[in-house]
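Here's the structure, in structure tokens; my notes come after.
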Amino acid sequence: MDNVVIAGVGIHPFGRFDLSYRQLGAVAARDALADAGIGLADLDSILVGNVGGEMAKGQNTMELIGRPGIPIINVEAACASSASTLLLASQLINSGAARAILCLGVEKAPRGFIAASGFEQWQIESGLGVNPVYFALMAQELLETTDAKAADLAEVSVKNHRHAVANPNAMYRREVTQEDVLGSRMVCPPLTLLMLCAPNEGAAAAVLVSASYARELGISRPVRLNSVAMVSRTADDWFVPAASRQAGRRTSLTARAAASAYEQAGIGPADIDVIECQDTDAASELWAYRDLGLCEPGNETALLRSGETALGGRVPVNPSGGLLSKGEPLGASGLGQVHEIVQQLRGRAGARQVTGARTGICHVMGAGHNAAVLVASR
Amino acid sequence: MTAAERDRLGEGLLAEDGPLVPGKVVGLRASHCPACARWEFPALAYCPGCDGRAEPSALSAQATVIGVTAVLHPPPGALVPVPYTVALAAFPEGVAVLGVVTAALDDVPLGQRVETVAMLIGERLGYGFQLAGGAG
């Protein structure tokens, strides 16, 4: 899939704002187009990822920028909504059906627990429609089956918050200590408030173009989108909102998405220089180390403690600060990751730059059993 | 309204069709695949394991806790007062089900035996788990 180039990226910072989702989205879309050096008239279509918005959100957002008259298509796949736009756009460009597509993710999520994650009404009323319950049970499994301790969960949050200090697009830019994390309000044991990401607001966008069009535009040394792989539930996966799982076995959506993305891109985990992954909670990042192939099962905390996944290490994970620091505007989080990886590959990440980053991946995991992994390189 | 006349929460969660009172030990209605012996809760018409046709059946009442946490702050829409304990309980049939346990988190270690009971959730009867051998 070396035919697809990420020509430009844009972002509206993640946080809480007195702006409508349309205004947030317009900022990211306009900036991505400016970064790519093209206008609305040069696009073939616009794909918009959003979870909680109204009818025709992409159309309503674009109204603030212009009226290009081209197809505007809204897609939703929980936290993998942004990734869905990238999958579709890359396939359209790769097939020759399009040469330039704007992918936009935008969200204005309410505060607190995410209320509607696809649970049945009986689950909600029974007290089981609670996303952090799932994350807590996964965290417990990690604590029970590896040498991971609560302090390791805290350290993931400490690392990502440290990274975010240098990221102007993050919601929380203050360093925290293990004591801060462990001492913050308990939400679902063993997870405390600072081990969980906060749903929030923001937008991010990317302009995908064909390699030949990138040359026409005079883009030298383009960032290539080598692969996008997305998977949904098979027999033995388990995630929000499933009320049950098979007791003796659990397969990983992330591992399947990663294997496919690596194979399509012709790379392996050892080739990766920088990663943005779905740290919905601290344990999720450690599970991702395993599922993305960064370490053998059971060596997640050894990898964390070695410092190799921190800035300055061999393969920094979440140099942006991750969702733990940026917050998670559901439909925009995946494109937020792409924004960060593109800046890293361009060498424009400032104080959080991963030295010599040439290959990066993004990973998202969403309710309804969706996972996506993409590979980009320069 | 007597307890026996209460509406059920959800559709087809409990295997018993007769009168129920809160606290009665019950089986959950699940589906079973005769071809590959896989169980699913809630019941499905198909088997995700082999794509065969599954049949409705009832799970055993007793299960073993393989995961447990607690909810300390009120989630939107929940009719169970906080704090409450949530367990992932593995049934001998091979499926593990999430449910509220009528015991404090500290009293529900991994490996704890629990049994499925009809539980009053708001004004309707759903299911929950209680410590096996006790009233919870």
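Chain identifiers are assigned as A, B, and so on, following the order in which chains appear in the structure tokens; residues are numbered from 1 within each chain, and ligands are numbered from 1 in order of appearance.
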
- Query: Near Glu40 of chain B, within 12 Å and counting only C-alpha atoms, which residues show up once chain neighbours fewer than 5 positions away are dropped, as a ChimeraX atom specification?
  - Reply: /A:235-236,242-247 /B:13,28-33,45-49,54-59,90-91,93-97

Suppose we keep N, CA and C atoms; can you now write the selection as a CSV table (one decimal), in the first residue's frame?
```csv
chain,number,residue,atom,x,y,z
A,235,ALA,N,-14.7,-15.3,17.7
A,235,ALA,CA,-15.3,-16.1,18.7
A,235,ALA,C,-14.8,-15.8,20.1
A,236,ASP,N,-13.6,-15.7,20.4
A,236,ASP,CA,-13.1,-15.6,21.8
A,236,ASP,C,-12.5,-14.3,22.2
A,242,ALA,N,-19.6,-6.7,26.0
A,242,ALA,CA,-20.0,-8.1,26.1
A,242,ALA,C,-20.3,-8.5,27.5
A,243,ALA,N,-21.4,-9.1,27.8
A,243,ALA,CA,-21.8,-9.5,29.1
A,243,ALA,C,-21.1,-10.8,29.6
A,244,SER,N,-20.5,-11.5,28.6
A,244,SER,CA,-19.8,-12.7,29.0
A,244,SER,C,-18.6,-13.0,28.1
A,245,ARG,N,-17.8,-13.9,28.5
A,245,ARG,CA,-16.6,-14.3,27.6
A,245,ARG,C,-16.4,-15.8,27.9
A,246,GLN,N,-15.6,-16.4,27.0
A,246,GLN,CA,-15.3,-17.8,27.3
A,246,GLN,C,-14.3,-17.8,28.5
A,247,ALA,N,-14.5,-18.8,29.4
A,247,ALA,CA,-13.8,-18.7,30.7
A,247,ALA,C,-12.3,-19.1,30.5
B,13,LEU,N,-33.3,-13.6,30.5
B,13,LEU,CA,-32.0,-13.7,31.2
B,13,LEU,C,-32.0,-14.9,32.1
B,28,LEU,N,-29.1,-19.1,34.8
B,28,LEU,CA,-29.2,-18.1,33.7
B,28,LEU,C,-29.5,-18.8,32.4
B,29,ARG,N,-30.4,-18.2,31.6
B,29,ARG,CA,-30.7,-18.8,30.3
B,29,ARG,C,-29.6,-18.5,29.3
B,30,ALA,N,-29.0,-19.5,28.7
B,30,ALA,CA,-27.9,-19.3,27.8
B,30,ALA,C,-28.2,-20.1,26.6
B,31,SER,N,-27.2,-20.2,25.7
B,31,SER,CA,-27.3,-21.0,24.5
B,31,SER,C,-26.2,-22.0,24.5
B,32,HIS,N,-26.5,-23.2,23.9
B,32,HIS,CA,-25.5,-24.3,23.9
B,32,HIS,C,-25.4,-24.8,22.5
B,33,CYS,N,-24.2,-25.0,22.0
B,33,CYS,CA,-24.0,-25.6,20.7
B,33,CYS,C,-23.8,-27.1,20.8
B,45,ALA,N,-28.7,-17.4,18.8
B,45,ALA,CA,-29.3,-18.4,17.9
B,45,ALA,C,-28.2,-19.2,17.2
B,46,TYR,N,-27.0,-18.6,17.1
B,46,TYR,CA,-25.9,-19.3,16.3
B,46,TYR,C,-24.8,-19.5,17.3
B,47,CYS,N,-23.9,-20.3,16.9
B,47,CYS,CA,-22.7,-20.6,17.7
B,47,CYS,C,-21.5,-19.8,17.1
B,48,PRO,N,-20.9,-18.8,17.9
B,48,PRO,CA,-19.8,-18.1,17.4
B,48,PRO,C,-18.5,-18.9,17.1
B,49,GLY,N,-18.5,-20.1,17.7
B,49,GLY,CA,-17.3,-21.0,17.6
B,49,GLY,C,-17.3,-21.7,16.3
B,54,ALA,N,-27.3,-22.9,17.6
B,54,ALA,CA,-27.2,-23.1,19.0
B,54,ALA,C,-28.6,-23.3,19.6
B,55,GLU,N,-28.7,-24.0,20.7
B,55,GLU,CA,-30.0,-24.2,21.3
B,55,GLU,C,-30.1,-23.6,22.7
B,56,PRO,N,-31.3,-23.1,23.1
B,56,PRO,CA,-31.4,-22.5,24.4
B,56,PRO,C,-31.2,-23.5,25.5
B,57,SER,N,-30.6,-23.2,26.6
B,57,SER,CA,-30.4,-24.1,27.7
B,57,SER,C,-30.1,-23.2,28.9
B,58,ALA,N,-30.0,-23.9,30.1
B,58,ALA,CA,-29.7,-23.2,31.3
B,58,ALA,C,-28.4,-23.5,31.9
B,59,LEU,N,-27.7,-22.4,32.4
B,59,LEU,CA,-26.4,-22.6,33.0
B,59,LEU,C,-26.6,-23.2,34.4
B,90,ALA,N,-17.0,-17.8,36.4
B,90,ALA,CA,-16.9,-18.8,35.4
B,90,ALA,C,-17.8,-20.0,35.8
B,91,PHE,N,-18.7,-20.4,34.8
B,91,PHE,CA,-19.6,-21.5,35.0
B,91,PHE,C,-18.9,-22.8,34.6
B,93,GLU,N,-19.9,-24.8,32.6
B,93,GLU,CA,-20.1,-25.0,31.2
B,93,GLU,C,-19.1,-24.3,30.3
B,94,GLY,N,-18.3,-23.4,30.9
B,94,GLY,CA,-17.2,-22.8,30.2
B,94,GLY,C,-17.3,-21.4,29.8
B,95,VAL,N,-18.5,-20.8,30.2
B,95,VAL,CA,-18.7,-19.4,29.9
B,95,VAL,C,-18.6,-18.6,31.2
B,96,ALA,N,-18.0,-17.4,31.1
B,96,ALA,CA,-17.8,-16.5,32.3
B,96,ALA,C,-18.7,-15.3,32.1
B,97,VAL,N,-19.5,-15.0,33.2
B,97,VAL,CA,-20.5,-14.0,33.1
B,97,VAL,C,-20.3,-12.9,34.1
```

Can you check which residues of chain B have any atom within 7 Å of chain A? Use only C-alpha atoms and format it as a PDB file with N, CA and C atoms, in the first residue's frame.
```pdb
ATOM      1  N   LEU B   9     -36.277  -8.126  34.359  1.00  0.00           N
ATOM      2  CA  LEU B   9     -35.378  -7.170  33.715  1.00  0.00           C
ATOM      3  C   LEU B   9     -34.778  -7.848  32.481  1.00  0.00           C
ATOM      4  N   GLY B  10     -34.778  -7.152  31.371  1.00  0.00           N
ATOM      5  CA  GLY B  10     -34.242  -7.747  30.152  1.00  0.00           C
ATOM      6  C   GLY B  10     -35.179  -8.819  29.630  1.00  0.00           C
ATOM      7  N   PHE B  41     -23.757 -16.527  26.831  1.00  0.00           N
ATOM      8  CA  PHE B  41     -24.758 -15.782  27.591  1.00  0.00           C
ATOM      9  C   PHE B  41     -24.643 -14.313  27.243  1.00  0.00           C
ATOM     10  N   PRO B  48     -20.911 -18.842  17.881  1.00  0.00           N
ATOM     11  CA  PRO B  48     -19.778 -18.072  17.353  1.00  0.00           C
ATOM     12  C   PRO B  48     -18.542 -18.935  17.125  1.00  0.00           C
ATOM     13  N   GLY B  49     -18.517 -20.117  17.746  1.00  0.00           N
ATOM     14  CA  GLY B  49     -17.341 -20.971  17.610  1.00  0.00           C
ATOM     15  C   GLY B  49     -17.316 -21.722  16.292  1.00  0.00           C
ATOM     16  N   GLY B  67     -12.582 -13.057  38.162  1.00  0.00           N
ATOM     17  CA  GLY B  67     -12.199 -11.648  38.111  1.00  0.00           C
ATOM     18  C   GLY B  67     -13.167 -10.876  38.984  1.00  0.00           C
ATOM     19  N   VAL B  68     -12.679  -9.846  39.669  1.00  0.00           N
ATOM     20  CA  VAL B  68     -13.588  -9.099  40.546  1.00  0.00           C
ATOM     21  C   VAL B  68     -13.089  -7.671  40.735  1.00  0.00           C
ATOM     22  N   THR B  69     -14.030  -6.722  40.725  1.00  0.00           N
ATOM     23  CA  THR B  69     -13.713  -5.333  41.000  1.00  0.00           C
ATOM     24  C   THR B  69     -14.935  -4.725  41.685  1.00  0.00           C
ATOM     25  N   ALA B  70     -14.923  -3.420  41.837  1.00  0.00           N
ATOM     26  CA  ALA B  70     -16.057  -2.751  42.470  1.00  0.00           C
ATOM     27  C   ALA B  70     -16.333  -1.448  41.742  1.00  0.00           C
ATOM     28  N   VAL B  71     -17.562  -1.008  41.819  1.00  0.00           N
ATOM     29  CA  VAL B  71     -17.943   0.299  41.271  1.00  0.00           C
ATOM     30  C   VAL B  71     -18.226   1.208  42.455  1.00  0.00           C
ATOM     31  N   LEU B  72     -17.455   2.289  42.554  1.00  0.00           N
ATOM     32  CA  LEU B  72     -17.502   3.131  43.750  1.00  0.00           C
ATOM     33  C   LEU B  72     -18.264   4.429  43.530  1.00  0.00           C
ATOM     34  N   HIS B  73     -18.500   4.766  42.266  1.00  0.00           N
ATOM     35  CA  HIS B  73     -19.187   6.018  41.960  1.00  0.00           C
ATOM     36  C   HIS B  73     -20.352   5.713  41.026  1.00  0.00           C
ATOM     37  N   PRO B  75     -22.709   5.049  38.242  1.00  0.00           N
ATOM     38  CA  PRO B  75     -22.704   5.171  36.783  1.00  0.00           C
ATOM     39  C   PRO B  75     -24.074   5.634  36.293  1.00  0.00           C
ATOM     40  N   PRO B  76     -24.121   6.333  35.150  1.00  0.00           N
ATOM     41  CA  PRO B  76     -25.407   6.793  34.641  1.00  0.00           C
ATOM     42  C   PRO B  76     -26.344   5.619  34.363  1.00  0.00           C
ATOM     43  N   GLY B  77     -27.545   5.695  34.878  1.00  0.00           N
ATOM     44  CA  GLY B  77     -28.561   4.696  34.561  1.00  0.00           C
ATOM     45  C   GLY B  77     -28.574   3.464  35.439  1.00  0.00           C
ATOM     46  N   ALA B  78     -27.558   3.286  36.282  1.00  0.00           N
ATOM     47  CA  ALA B  78     -27.506   2.078  37.115  1.00  0.00           C
ATOM     48  C   ALA B  78     -28.509   2.194  38.261  1.00  0.00           C
ATOM     49  N   LEU B  79     -29.222   1.100  38.537  1.00  0.00           N
ATOM     50  CA  LEU B  79     -30.206   1.092  39.622  1.00  0.00           C
ATOM     51  C   LEU B  79     -29.669   0.370  40.856  1.00  0.00           C
ATOM     52  N   VAL B  80     -28.390   0.030  40.848  1.00  0.00           N
ATOM     53  CA  VAL B  80     -27.751  -0.633  41.986  1.00  0.00           C
ATOM     54  C   VAL B  80     -26.978   0.428  42.762  1.00  0.00           C
ATOM     55  N   ALA B  90     -17.018 -17.775  36.383  1.00  0.00           N
ATOM     56  CA  ALA B  90     -16.892 -18.845  35.375  1.00  0.00           C
ATOM     57  C   ALA B  90     -17.789 -20.011  35.752  1.00  0.00           C
ATOM     58  N   GLY B  94     -18.265 -23.436  30.930  1.00  0.00           N
ATOM     59  CA  GLY B  94     -17.160 -22.846  30.176  1.00  0.00           C
ATOM     60  C   GLY B  94     -17.344 -21.396  29.787  1.00  0.00           C
ATOM     61  N   VAL B  95     -18.458 -20.794  30.199  1.00  0.00           N
ATOM     62  CA  VAL B  95     -18.670 -19.383  29.905  1.00  0.00           C
ATOM     63  C   VAL B  95     -18.561 -18.603  31.215  1.00  0.00           C
ATOM     64  N   ALA B  96     -17.984 -17.402  31.150  1.00  0.00           N
ATOM     65  CA  ALA B  96     -17.827 -16.546  32.325  1.00  0.00           C
ATOM     66  C   ALA B  96     -18.698 -15.312  32.141  1.00  0.00           C
ATOM     67  N   VAL B  97     -19.467 -14.985  33.191  1.00  0.00           N
ATOM     68  CA  VAL B  97     -20.516 -13.965  33.092  1.00  0.00           C
ATOM     69  C   VAL B  97     -20.263 -12.859  34.119  1.00  0.00           C
ATOM     70  N   LEU B  98     -20.466 -11.605  33.700  1.00  0.00           N
ATOM     71  CA  LEU B  98     -20.370 -10.466  34.615  1.00  0.00           C
ATOM     72  C   LEU B  98     -21.645 -10.352  35.437  1.00  0.00           C
ATOM     73  N   GLY B  99     -21.492 -10.065  36.720  1.00  0.00           N
ATOM     74  CA  GLY B  99     -22.670  -9.845  37.540  1.00  0.00           C
ATOM     75  C   GLY B  99     -22.308  -9.162  38.856  1.00  0.00           C
ATOM     76  N   ILE B 121     -33.674  -5.362  40.936  1.00  0.00           N
ATOM     77  CA  ILE B 121     -32.938  -4.234  40.374  1.00  0.00           C
ATOM     78  C   ILE B 121     -33.968  -3.173  40.023  1.00  0.00           C
TER      79      ILE B 121
END
```

- Message: Under the rule that only C-alpha atoms are counted, which of B:Ala43, B:Val101, B:Val65, B:Leu120 is the nearest residue to Ala15 of chain B?
- Response: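 Nearest to Ala15 of chain B: B:Ala43.
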
- Query: Near Ala104 of chain B, counting only C-alpha atoms, which residues have an atom at most 9 Å away, once you skip same-chain residues fewer than 4 positions from it, shown as a PyMOL selection string?
  - Reply: chain B and resi 70+83-85+108

Residues of the last selection are to be written out with C-alpha atoms, as an mmCIF file, in the first residue's frame.
```
data_model
loop_
_atom_site.group_PDB
_atom_site.id
_atom_site.type_symbol
_atom_site.label_atom_id
_atom_site.label_comp_id
_atom_site.auth_asym_id
_atom_site.auth_seq_id
_atom_site.Cartn_x
_atom_site.Cartn_y
_atom_site.Cartn_z
ATOM 1 C CA ALA B 70 -16.057 -2.751 42.470
ATOM 2 C CA PRO B 83 -20.468 0.849 46.223
ATOM 3 C CA TYR B 84 -21.101 -2.550 44.706
ATOM 4 C CA THR B 85 -18.965 -5.511 43.714
ATOM 5 C CA VAL B 108 -14.933 -11.956 47.197
#
```

- Which neighbours of Val375 of chain A fall inside 10 Å, counting only C-alpha atoms, when residues of the same chain fewer than 2 positions from it are skipped, and could you give them as a ChimeraX atom specification? /A:224-229,258,261-262,264-267,272,275,338,341,359-363,373,377

- Expressed in Å to a single decimal, how great is the separation between atom CA of Leu253 of chain A and atom CA of Ala371 of chain A?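 For atom CA of Leu253 of chain A relative to atom CA of Ala371 of chain A, the distance reads 5.8 Å.
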
- Message: Just the number, please: distance in Å from atom CA of Gly334 of chain A to atom CA of Ser117 of chain A, one decimal.
- Response: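 Here the two named atoms are 17.4 Å from each other.
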